[in-house]
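To keep things clear, I will list the structure first and then write my remarks on it.
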Amino acid sequence: MQVNDSGLPADVAAAVLTRDKERVPLLAIFRVFFTIGATSFGGGLTGWIHRETVTQRGWLTHEQFLSGLALGQVLPGANVTNLAVYIGQLLRGAPGAIIAVVSVLAAPFFLCIGLALIYEDATRIPGFHAAMDGIAAAAVGMILRLGYMGAKSGCNRLATGSVALAVFLAIGVAQWPLFPVIAVAAPLSVWFAWPRGGGAHA
Amino acid sequence: MRDNPYFGLMWVLIPFSLVSVGGGPSIFAPLQHQTVDVWHWISAREFVDLFAIARTAPGPGAMLTTLIGWKVAGWSGALVATVSLFGPASILCYGVARIYDRYRGHPWHTALERGLAPVAVGLIFAGALSVLRLSGGRPLTWIVALASGLALGYWSKLHPFIILFAGAAMFIAAFVLGWG
């Protein structure tokens, strides 16, 4: 962890770390993902994972995070577990991936069964649902923040901005099925980003 | 083999794992059909309750399958269900991530990374909208979501716990004042 303590910018530190994967201890991966799993009420996990791994620790760059997030959403599986697998793999290979995904699910496993055991009683507490809804709403704020940061860095051109907007309208507003939308949008977007020798008509 | 609850859970959940694009929501409808109508593990009412519990507890909404496994065969059923649902998809994701990582630095890898970023941004905002929709679309939900997003932007060191706690506090206040 000397790299982080040296005060290097997050993206530089992550570039160094990516070359020397031994620097992120498995215990640190466990601690981060276990905490996120244990407190991820309301589904705001991606925003929190970004904060802990990119902003706070510089384990990976913003771009690496976003492409991992997109990969995880295209592939089957919960977005959060896929993201955990991706980040764990990036940092420490197979052991990192296993630790990340197991630790992000460990606390929710016991907490959801625990809640099932007391659910009848818990719902009778006045304000229980209100508190849960409030946590979920605040967690959405973390997702919005992540989207804003992603838009600022990754969608600063007309082409990339249009792709992001089109995906949002198709999936979020029109609620079209995910797969066909991604099958069209992703290749198009990658084509826009493809390195060209100049004079491209994109 | 159909009498063994563990094999039953694996039989139903492993295929769901590999088609659950976008996570839990994409498989909830067929999952309900299989667990309620086909296998009679739980009643329709129990399915809805378990769904609410999975959404209330931390973790992905697909933890609903953990609860179904728990109903079917206790703690070991919960474990079998969780591994069956999250295992295959995670292994697939690991394979793809590995291949993806191996080509780091190649021009096409950079293009893929840059090209996928705006797709992810679109999906992030779509995801935020779907959570807002699930929560009933009350104005207070939107206000708290926007306020917490802005607060995180303004104070980047702010701990997420404070944000979540403030959200809960505002909703409880609204509940007490009768605005809910």
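Naming scheme: A, B, ... for chains in displayed order of the structure tokens; residues 1 onward per chain; ligands 1 onward as shown.
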Contact residues (chain B, partner chain A, 6 Å, only C-alpha atoms) as a ChimeraX atom specification
/B:18-23,57-59,89,97,111-113,115-124,126,128,141,144-146,148-149,164,167-168,171-172
So how many Å separate CA of Trp39 in chain B and CA of Trp70 in chain B, to one decimal?
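Separation between CA of Trp39 in chain B and CA of Trp70 in chain B: 14.8 Å.
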Out of range 20-180 of chain A, which residues get alpha helix (DSSP H) from DSSP, as JSON, numbers by chain?
{"A": [26, 27, 28, 29, 30, 31, 32, 33, 34, 35, 36, 37, 38, 39, 45, 46, 47, 48, 49, 50, 62, 63, 64, 65, 66, 67, 68, 69, 70, 71, 72, 73, 74, 79, 80, 81, 82, 83, 84, 85, 86, 87, 88, 89, 90, 91, 92, 93, 94, 95, 96, 97, 98, 99, 100, 101, 102, 103, 104, 105, 106, 107, 108, 109, 110, 111, 112, 113, 114, 115, 116, 117, 118, 119, 120, 121, 122, 128, 129, 130, 131, 132, 133, 134, 135, 136, 137, 138, 139, 140, 141, 142, 143, 144, 145, 146, 147, 148, 149, 150, 151, 152, 153, 154, 158, 159, 160, 161, 162, 163, 164, 165, 166, 167, 178, 179, 180]}
Mind giving me the straight-line distance from CA of Asp37 in chain B to CA of Ser90 in chain B in Å, one decimal?
28.1 Å
I'd like the neighbourhood of range 7-10 of chain B as a ChimeraX atom specification, where a residue qualifies if any of its atoms comes within 9 Å (using only C-alpha atoms), though same-chain residues fewer than 6 positions away should be ignored.
/B:1,39,68-69,72,77,80-81,83-85
What gap, in Å, lies between CA of Ile29 in chain A and CA of Glu52 in chain A?
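Rounded to one decimal, the two atoms are 10.4 Å apart.
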Counting only C-alpha atoms, the option among B:Tyr6, B:Tyr154, B:Phe16, B:Val131 closest to Lys71 in chain B
B:Tyr6
If we count only C-alpha atoms and set the cut-off at 8 Å, which residues sit around Thr82 in chain B, ignoring sequence neighbours fewer than 6 positions away in its own chain? Please answer as a VMD selection string.
chain B and resid 63 65 to 66 69
Expected file: the selected residues, C-alpha atoms, as a tab-separated table (two decimals), in the first residue's frame:
```
chain	number	residue	atom	x	y	z
B	63	MET	CA	-30.57	-13.00	-2.93
B	65	THR	CA	-32.97	-17.27	-4.44
B	66	THR	CA	-31.02	-17.64	-1.17
B	69	GLY	CA	-33.25	-22.26	-0.85
```
Among the residues A:Leu60, A:Ile49, A:Arg157, A:Pro180, the one that comes closest to Arg92 in chain A [using only C-alpha atoms]
A:Leu60
